>>> print(open('query21.txt').read())   # compact mmCIF, C-alpha atoms
# COMPACT_ATOMS: atom_id res chain seq x y z
CA MET J 1 25.72 -14.20 -1.62
CA ILE J 2 22.12 -13.42 -0.65
CA ARG J 3 22.34 -15.65 2.41
CA ILE J 4 25.55 -13.96 3.49
CA ALA J 5 23.88 -10.59 3.07
CA CYS J 6 20.96 -11.74 5.16
CA ARG J 7 23.26 -12.87 7.95
CA LEU J 8 24.79 -9.41 7.93
CA LEU J 9 21.32 -7.92 8.08
CA LEU J 10 20.43 -10.01 11.08
CA ALA J 11 23.76 -9.17 12.72
CA GLY J 12 23.03 -5.46 12.48
CA GLY J 13 24.43 -4.46 9.10
CA LEU J 14 21.02 -3.15 8.05
CA LEU J 15 21.79 0.33 6.80
CA GLY J 16 24.76 -0.62 4.65
CA LEU J 17 22.83 -3.53 3.20
CA LEU J 18 19.85 -1.44 2.19
CA ILE J 19 22.11 1.09 0.49
CA GLY J 20 24.63 -1.26 -1.08
CA CYS J 21 22.62 -4.09 -2.64
CA SER J 22 19.11 -5.15 -3.62
CA PRO J 23 17.31 -5.16 -0.26
CA LEU J 24 13.99 -6.46 -1.56
CA LYS J 25 15.63 -9.54 -3.07
CA VAL J 26 17.34 -10.12 0.27
CA LEU J 27 14.03 -9.92 2.12
CA ASN J 28 12.27 -12.17 -0.39
CA ALA J 29 15.03 -14.74 0.07
CA PHE J 30 13.70 -15.18 3.60
CA THR J 31 10.09 -15.55 2.47
CA PRO J 32 8.88 -19.12 3.13
CA GLY J 33 6.51 -20.78 0.72
CA GLY J 34 4.47 -22.91 3.10
CA THR J 35 2.02 -20.29 4.32
CA PHE J 36 0.30 -19.37 1.06
CA THR J 37 -0.74 -20.39 -2.42
CA ARG J 38 0.20 -17.79 -5.02
CA THR J 39 -1.78 -17.27 -8.19
CA ALA J 40 0.47 -15.12 -10.34
CA ASP J 41 0.23 -12.80 -13.33
CA LEU J 42 -3.50 -12.27 -13.52
CA GLY J 43 -4.64 -9.49 -15.83
CA TYR J 44 -7.05 -6.83 -14.64
CA GLY J 45 -6.76 -4.57 -17.71
CA SER J 46 -5.34 -4.33 -21.22
CA ASP J 47 -1.95 -2.74 -20.49
CA PRO J 48 1.07 -5.01 -19.82
CA ARG J 49 1.38 -3.33 -16.40
CA ASN J 50 -2.19 -4.28 -15.48
CA ARG J 51 -1.21 -7.49 -13.70
CA LEU J 52 -1.59 -8.75 -10.15
CA ASP J 53 -0.64 -11.67 -7.91
CA ILE J 54 -2.85 -13.21 -5.23
CA TYR J 55 -1.54 -14.80 -2.01
CA THR J 56 -4.18 -17.08 -0.48
CA PRO J 57 -3.54 -18.42 3.04
CA VAL J 58 -3.00 -22.15 3.27
CA ASP J 59 -5.99 -23.79 4.96
CA ALA J 60 -7.72 -20.43 5.16
CA PRO J 61 -11.36 -20.41 6.23
CA ALA J 62 -13.84 -19.39 3.58
CA ASP J 63 -14.39 -15.68 3.09
CA ALA J 64 -11.09 -14.42 4.48
CA PRO J 65 -10.50 -10.65 4.58
CA VAL J 66 -8.71 -9.16 1.57
CA VAL J 67 -6.00 -6.50 1.33
CA VAL J 68 -5.01 -4.96 -2.02
CA PHE J 69 -1.46 -3.63 -1.68
CA PHE J 70 0.19 -0.88 -3.74
CA TYR J 71 3.96 -0.43 -3.50
CA GLY J 72 5.93 2.81 -3.58
CA GLY J 73 8.70 4.10 -5.83
CA SER J 74 7.88 7.75 -6.55
CA TRP J 75 5.35 6.51 -9.15
CA ASN J 76 8.20 5.89 -11.62
CA SER J 77 9.49 2.46 -10.53
CA GLY J 78 8.45 -0.73 -8.79
CA SER J 79 7.23 -4.26 -9.33
CA ARG J 80 4.79 -6.44 -7.41
CA THR J 81 7.28 -9.32 -7.51
CA ASP J 82 9.63 -7.32 -5.27
CA TYR J 83 7.10 -7.46 -2.45
CA SER J 84 6.47 -11.18 -2.04
CA PHE J 85 7.36 -10.77 1.63
CA VAL J 86 4.29 -8.54 2.07
CA GLY J 87 2.02 -11.12 0.44
CA GLU J 88 3.47 -13.89 2.60
CA ALA J 89 3.19 -11.85 5.78
CA LEU J 90 -0.50 -11.13 5.27
CA ALA J 91 -1.33 -14.66 4.11
CA SER J 92 0.43 -16.10 7.16
CA ARG J 93 -2.11 -14.22 9.28
CA GLY J 94 -5.20 -15.41 7.43
CA ILE J 95 -5.55 -12.50 4.99
CA VAL J 96 -5.84 -12.85 1.21
CA ALA J 97 -3.26 -10.45 -0.24
CA VAL J 98 -3.49 -8.93 -3.71
CA LEU J 99 -0.31 -7.26 -5.01
CA ALA J 100 -0.94 -5.13 -8.08
CA ASP J 101 1.31 -3.45 -10.62
CA TYR J 102 0.14 -0.19 -12.17
CA ARG J 103 1.33 2.09 -14.95
CA LEU J 104 4.11 4.50 -14.02
CA TYR J 105 5.40 7.88 -15.13
CA PRO J 106 6.34 8.76 -17.87
CA GLN J 107 3.82 6.39 -19.44
CA VAL J 108 1.07 8.10 -17.43
CA HIS J 109 0.56 10.96 -15.01
CA TYR J 110 -1.21 10.55 -11.67
CA GLN J 111 -4.66 10.06 -13.18
CA GLY J 112 -3.41 7.02 -15.09
CA PHE J 113 -2.05 5.09 -12.13
CA LEU J 114 -5.08 5.96 -10.02
CA ASP J 115 -7.30 4.61 -12.77
CA ASP J 116 -5.22 1.40 -12.78
CA SER J 117 -5.41 1.13 -8.99
CA ALA J 118 -9.19 1.45 -9.12
CA ARG J 119 -9.38 -1.20 -11.83
CA ALA J 120 -7.28 -3.56 -9.71
CA VAL J 121 -9.63 -3.10 -6.77
CA GLY J 122 -12.69 -3.51 -8.98
CA TRP J 123 -11.28 -6.72 -10.43
CA THR J 124 -10.53 -7.98 -6.94
CA ARG J 125 -14.06 -7.33 -5.68
CA GLN J 126 -15.49 -9.16 -8.68
CA HIS J 127 -13.21 -12.22 -8.62
CA ILE J 128 -11.73 -12.66 -5.14
CA ARG J 129 -14.23 -15.31 -3.99
CA GLU J 130 -12.52 -17.65 -6.45
CA TYR J 131 -9.35 -17.28 -4.35
CA GLY J 132 -10.85 -17.60 -0.88
CA GLY J 133 -11.52 -13.93 -0.17
CA ASP J 134 -14.60 -12.06 0.96
CA PRO J 135 -15.37 -9.06 -1.32
CA ASP J 136 -17.30 -7.47 1.53
CA ARG J 137 -14.18 -7.42 3.72
CA LEU J 138 -11.98 -5.51 1.32
CA TYR J 139 -9.14 -3.14 2.31
CA VAL J 140 -6.64 -1.09 0.34
CA MET J 141 -3.11 -0.58 1.64
CA GLY J 142 -0.04 1.16 0.28
CA HIS J 143 3.47 2.19 1.22
CA SER J 144 4.87 5.61 0.29
CA ALA J 145 3.63 6.44 -3.24
CA GLY J 146 1.37 3.40 -2.97
CA GLY J 147 -0.09 4.89 0.20
CA TYR J 148 -1.18 7.84 -1.92
CA ASN J 149 -2.92 5.46 -4.34
CA ALA J 150 -4.74 3.73 -1.48
CA ALA J 151 -5.75 7.04 0.08
CA MET J 152 -7.15 8.46 -3.14
CA LEU J 153 -9.26 5.36 -3.78
CA ALA J 154 -10.62 5.48 -0.25
CA LEU J 155 -11.27 9.22 -0.14
CA ASP J 156 -12.08 10.52 -3.64
CA PRO J 157 -15.21 8.73 -4.92
CA LYS J 158 -14.56 9.40 -8.61
CA TRP J 159 -11.84 6.74 -8.90
CA LEU J 160 -13.80 3.73 -7.66
CA ALA J 161 -16.87 5.02 -9.50
CA THR J 162 -15.11 4.05 -12.74
CA VAL J 163 -15.48 0.39 -11.71
CA GLY J 164 -18.96 0.68 -10.23
CA MET J 165 -17.80 0.96 -6.64
CA LYS J 166 -17.98 3.48 -3.80
CA PRO J 167 -15.43 4.09 -1.01
CA SER J 168 -18.09 2.85 1.42
CA MET J 169 -17.60 -0.61 -0.10
CA LEU J 170 -14.13 -0.65 1.46
CA SER J 171 -13.88 -1.89 5.02
CA GLY J 172 -10.94 0.44 5.55
CA TRP J 173 -7.65 1.74 4.22
CA ILE J 174 -4.08 1.49 5.47
CA GLY J 175 -1.39 4.07 4.74
CA LEU J 176 2.28 3.38 5.45
CA ALA J 177 4.40 6.55 5.24
CA GLY J 178 2.06 7.89 2.59
CA PRO J 179 2.08 11.40 1.09
CA TYR J 180 -1.37 12.90 1.54
CA ASP J 181 -0.68 16.65 1.52
CA PHE J 182 2.44 17.56 -0.47
CA LEU J 183 1.90 20.75 -2.43
CA PRO J 184 4.03 22.53 -3.45
CA ILE J 185 6.06 19.54 -4.64
CA GLU J 186 9.75 19.56 -3.72
CA ASN J 187 10.94 16.20 -5.09
CA PRO J 188 12.16 16.80 -8.68
CA GLU J 189 11.25 13.24 -9.72
CA VAL J 190 7.66 13.72 -8.59
CA LYS J 191 7.04 17.20 -10.04
CA PRO J 192 6.20 16.10 -13.61
CA VAL J 193 3.96 13.29 -12.35
CA PHE J 194 1.57 15.92 -10.96
CA TYR J 195 2.06 18.64 -13.64
CA PHE J 196 4.05 20.91 -11.32
CA PRO J 197 3.85 23.92 -11.02
CA ASN J 198 0.21 23.50 -12.09
CA SER J 199 -0.49 20.61 -9.74
CA PRO J 200 -4.23 20.64 -9.02
CA PRO J 201 -5.39 20.74 -5.38
CA ASP J 202 -7.76 17.96 -6.42
CA SER J 203 -4.73 15.66 -6.57
CA GLN J 204 -4.26 15.79 -2.78
CA PRO J 205 -5.92 13.07 -0.66
CA ILE J 206 -6.38 15.35 2.32
CA ASN J 207 -8.78 17.49 0.28
CA HIS J 208 -11.19 14.58 -0.17
CA VAL J 209 -11.80 13.53 3.43
CA SER J 210 -15.49 13.41 4.33
CA ALA J 211 -17.59 12.17 7.22
CA SER J 212 -18.37 9.04 5.19
CA SER J 213 -14.72 8.11 4.50
CA PRO J 214 -13.74 4.54 5.46
CA PRO J 215 -11.85 3.88 8.71
CA ALA J 216 -8.09 4.29 8.46
CA LEU J 217 -4.89 2.91 9.93
CA LEU J 218 -2.02 5.37 9.42
CA ILE J 219 1.54 4.32 10.25
CA ALA J 220 4.73 6.32 9.75
CA ALA J 221 8.40 6.32 10.68
CA LYS J 222 8.90 8.96 13.34
CA ASP J 223 12.05 10.34 11.70
CA ASP J 224 11.05 9.92 8.06
CA THR J 225 13.11 12.37 6.00
CA LEU J 226 11.41 11.65 2.66
CA VAL J 227 7.72 12.05 3.47
CA ASN J 228 7.14 14.41 6.38
CA PRO J 229 5.19 12.34 8.93
CA GLU J 230 3.85 15.30 10.88
CA ARG J 231 2.33 17.00 7.85
CA ASN J 232 1.15 13.89 6.02
CA THR J 233 0.26 11.19 8.53
CA GLY J 234 -0.45 13.62 11.35
CA GLY J 235 -2.37 16.04 9.16
CA MET J 236 -4.47 13.27 7.60
CA ALA J 237 -5.27 11.75 11.00
CA LYS J 238 -6.32 15.15 12.32
CA ARG J 239 -8.61 15.79 9.35
CA LEU J 240 -10.22 12.36 9.68
CA ARG J 241 -10.86 12.86 13.39
CA GLU J 242 -12.34 16.30 12.83
CA LEU J 243 -14.97 14.69 10.62
CA GLY J 244 -15.63 11.78 12.95
CA VAL J 245 -13.90 9.09 10.88
CA PRO J 246 -12.30 6.28 12.95
CA VAL J 247 -8.51 6.40 12.60
CA ARG J 248 -5.58 4.79 14.38
CA GLU J 249 -2.34 6.78 14.07
CA LEU J 250 1.04 5.24 14.92
CA TYR J 251 4.68 6.35 14.71
CA PHE J 252 7.66 4.04 15.12
CA SER J 253 11.17 5.18 15.99
CA LYS J 254 13.32 2.30 14.70
CA PRO J 255 12.35 2.03 11.01
CA GLY J 256 12.91 4.72 8.40
CA HIS J 257 10.84 5.48 5.34
CA ALA J 258 11.95 2.40 3.36
CA THR J 259 12.30 -0.03 6.27
CA LEU J 260 8.76 0.64 7.48
CA VAL J 261 7.44 -1.70 4.78
CA ALA J 262 10.44 -3.99 5.20
CA ALA J 263 9.17 -4.65 8.72
CA PHE J 264 6.62 -7.00 7.16
CA SER J 265 9.46 -9.38 6.33
CA ARG J 266 10.47 -12.12 8.73
CA PRO J 267 14.07 -10.95 9.33
CA MET J 268 13.01 -7.37 10.05
CA ARG J 269 9.81 -7.70 12.06
CA GLY J 270 11.73 -6.71 15.17
CA LEU J 271 11.97 -3.15 13.86
CA ALA J 272 8.32 -2.41 14.57
CA PRO J 273 5.01 -4.31 14.93
CA VAL J 274 3.71 -3.08 11.58
CA LEU J 275 2.29 -6.45 10.59
CA ASP J 276 0.64 -6.94 13.98
CA GLU J 277 -1.07 -3.54 13.72
CA VAL J 278 -2.30 -4.20 10.19
CA VAL J 279 -3.67 -7.60 11.18
CA ARG J 280 -5.38 -6.12 14.25
CA PHE J 281 -7.00 -3.45 12.08
CA VAL J 282 -8.18 -5.90 9.41
CA HIS J 283 -9.49 -8.46 11.90
CA ARG J 284 -11.13 -5.92 14.22
CA ARG J 285 -14.59 -6.95 12.93
CA ASP J 286 -13.92 -10.49 14.16
CA GLN J 287 -13.18 -9.42 17.73
>>> encode(input="query21.txt", output="structure tokens")
Amino acid sequence: MIRIACRLLLAGGLLGLLIGCSPLKVLNAFTPGGTFTRTADLGYGSDPRNRLDIYTPVDAPADAPVVVFFYGGSWNSGSRTDYSFVGEALASRGIVAVLADYRLYPQVHYQGFLDDSARAVGWTRQHIREYGGDPDRLYVMGHSAGGYNAAMLALDPKWLATVGMKPSMLSGWIGLAGPYDFLPIENPEVKPVFYFPNSPPDSQPINHVSASSPPALLIAAKDDTLVNPERNTGGMAKRLRELGVPVRELYFSKPGHATLVAAFSRPMRGLAPVLDEVVRFVHRRDQ
């Protein structure tokens, strides 16, 4: 059934597929296993959700760059195992990928999953040499809600400080359709996560940009109807530029909010060169 669904996807039945079945399982069905070695279910904290998987490129040179990826899901759903196609995509281009779970609402509010995200990055910096990665070439990346997590770690120093790190220890951050400036909150599922209507301005990534913030790659779907690209991606890019922080800002017309991350997968890379842009950003120090 999955293979039939994938044929429909390749034939152009994309929208119906993504609405009518489990799209991530479909994409993972097309994920080959020959490009990486996966080390699964490593613990970075005491909670059952504090687990991560590492995708190490096959025959990778020593000290490969590292990307820690956080998935979306309105901070109330998601699993790292749903995003194997992201790990494979990065590993196939010589990048060590770390896919981390984190606690979700209602178990925690936003401070809880940001604390988990910081712990995952701290663990990665401490241990990633064992898996072929260079801790001094460390990036954070997230899609949608995960883009918020990545942004907050890169911009607000208090989160990485809990694991003895500073944002300057990151080589950069990558946001895919991330929400960076979203008060007042309109999404009813998200309101309790941020204590609405008493959501603190301190919870917004855009309020933490400084001249010392790490370089950024910001990508959005041009017609995203879930996270406003003009306000969030455009506004964040503008703020970074105003303070002299290097930023590359891209908008693609074919993918939507969800399919922007799906463009990492092999059957959907034709939607937009998302993977190519991420690889170019991560490897820019090598050029």
>>> closest_residue(input="query21.txt", among="J:Val261, J:Val282, J:Leu183, J:Leu240", to="J:Ala220", atoms="only C-alpha atoms")
J:Val261
>>> atom_distance(input="query21.txt", atom1="atom CA of J:Gly234", atom2="atom CA of J:Leu218")
8.6 Å
>>> closest_residue(input="query21.txt", among="J:Ala60, J:Ile219, J:Val193, J:Ala262", to="J:Arg103", atoms="only C-alpha atoms")
J:Val193
>>> atom_distance(input="query21.txt", atom1="atom CA of J:Ser212", atom2="atom CA of J:Gly172")
11.4 Å
>>> axis_aligned_box(input="query21.txt", around="stretch 132-151 of chain J", padding_each_side="6 Å", output="JSON")
{"center_x": -6.2, "center_y": -4.9, "center_z": -0.3, "size_x": 34.2, "size_y": 37.4, "size_z": 20.1}
>>> residues_around(input="query21.txt", residues="J:Arg284", least_positions_apart="2", cutoff="12 Å", atoms="only C-alpha atoms", output="list of chain:residue names")
J:Pro65, J:Arg137, J:Ser171, J:Gly172, J:Pro215, J:Leu217, J:Asp276, J:Glu277, J:Val278, J:Val279, J:Arg280, J:Phe281, J:Val282, J:Asp286, J:Gln287
>>> write_last_selection(input="query21.txt", atoms="C-alpha atoms", output="mmCIF file, in the frame of the given file")
data_model
loop_
_atom_site.group_PDB
_atom_site.id
_atom_site.type_symbol
_atom_site.label_atom_id
_atom_site.label_comp_id
_atom_site.auth_asym_id
_atom_site.auth_seq_id
_atom_site.Cartn_x
_atom_site.Cartn_y
_atom_site.Cartn_z
ATOM 1 C CA PRO J 65 -10.500 -10.650 4.580
ATOM 2 C CA ARG J 137 -14.180 -7.420 3.720
ATOM 3 C CA SER J 171 -13.880 -1.890 5.020
ATOM 4 C CA GLY J 172 -10.940 0.440 5.550
ATOM 5 C CA PRO J 215 -11.850 3.880 8.710
ATOM 6 C CA LEU J 217 -4.890 2.910 9.930
ATOM 7 C CA ASP J 276 0.640 -6.940 13.980
ATOM 8 C CA GLU J 277 -1.070 -3.540 13.720
ATOM 9 C CA VAL J 278 -2.300 -4.200 10.190
ATOM 10 C CA VAL J 279 -3.670 -7.600 11.180
ATOM 11 C CA ARG J 280 -5.380 -6.120 14.250
ATOM 12 C CA PHE J 281 -7.000 -3.450 12.080
ATOM 13 C CA VAL J 282 -8.180 -5.900 9.410
ATOM 14 C CA ASP J 286 -13.920 -10.490 14.160
ATOM 15 C CA GLN J 287 -13.180 -9.420 17.730
#
>>> closest_residue(input="query21.txt", among="J:Gly178, J:Pro106, J:Gly45, J:Gly34", to="J:Gly122", atoms="all atoms listed in the file")
J:Gly45
>>> closest_residue(input="query21.txt", among="J:Leu99, J:Val108, J:Val247, J:Val209", to="J:Asp41", atoms="all atoms listed in the file")
J:Leu99
>>> closest_residue(input="query21.txt", among="J:Tyr102, J:Asp63, J:His109, J:Glu186", to="J:Asp136", atoms="all atoms listed in the file")
J:Asp63
>>> atom_distance(input="query21.txt", atom1="atom CA of J:Arg80", atom2="atom CA of J:Val67")
13.9 Å
>>> closest_residue(input="query21.txt", among="J:His283, J:Arg241, J:Arg119, J:Arg129", to="J:Asp101", atoms="only C-alpha atoms")
J:Arg119
>>> closest_atom_pairs(input="query21.txt", of="stretch 59-87 of chain J", to="stretch 35-39 of chain J", cutoff="10 Å", atoms="all atoms listed in the file", output="tab-separated table")
residue	atom	partner	partner_atom	distance
J:Asp59	CA	J:Phe36	CA	8.6
J:Ala60	CA	J:Phe36	CA	9.1
J:Ser84	CA	J:Arg38	CA	9.6
J:Gly87	CA	J:Phe36	CA	8.5
>>> residues_around(input="query21.txt", residues="J:Leu27", least_positions_apart="4", cutoff="7 Å", atoms="all atoms listed in the file", output="CSV table (one decimal) with C-alpha atoms, in the coordinates of the input")
chain,number,residue,atom,x,y,z
J,23,PRO,CA,17.3,-5.2,-0.3
J,31,THR,CA,10.1,-15.6,2.5
J,85,PHE,CA,7.4,-10.8,1.6
J,265,SER,CA,9.5,-9.4,6.3
